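Right, one structure below, let's go through it.
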Amino acid sequence: MQVINEVLPTDPKQIEAMMQPGPAGPVFMVNLLKFRDKAEYPDGRETALTGREAYNIYGKAIMKVLPEFGGKLVFVGNTTFLALGQVEELWDEVAIIMYPDRGALLRMSLSPAWQAIAVHREAGLKGQLNIETVMPPALLAGLAKGAGA
């Protein structure tokens, strides 16, 4: 299995697929994040920030943007240990964000609010994987029943 961390999508097939409606929501985006040692801003500005510090600027700002698109943070945590499998370099952080559907994520990423803060994301990330996941329908139905009880 080949793993390629990216900061922005480069595969035209992935970009085209992202534009499709996708599965019925909610969708949970699993973000495996790898930070740069030192932040590198695309405009070349000088900074003393680490990649994690630059990404944290983005992280704080995105928490205000997410609700506008129905999104919410489900989990965030630092990786500490690889218990099974092998990878050349472990990701630094895992974040799971819930969106009502794939379209909400797409609309957010095209919004002026997201565009304004994404510079810190790009400066901080060495690369990442974004994995779209959905709950199996039976589990989702069971949770809905439990909420109504």
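Chain labels follow the order of the structure tokens: the first chain is A, the next B, and so on; residue numbering restarts at 1 in every chain, and ligands are counted from 1 in their shown order.
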For this session: Go through segment 22-142 of chain A and collect every residue that DSSP, computed from the backbone, puts in strand (DSSP E or B); the answer should be as an MDAnalysis selection string.
Result: chainID A and resid 27:35 72:78 93:99 125:134
Problem set entry | Shell around Ser111 of chain A at 10 Å using only C-alpha atoms, local window under 6 positions removed, as a PyMOL selection string | chain A and resi 65+69+105
Exercise. Which residue out of A:His120, A:Lys13, A:Arg36, A:Lys64 has the minimum interatomic distance to Gly51 of chain A when only C-alpha atoms are used?
Worked result: A:Arg36
Exercise. Using only C-alpha atoms, which of A:Ile131, A:Ala144, A:Val119, A:Leu106 sits nearest Ala39 of chain A?
Worked result: A:Val119
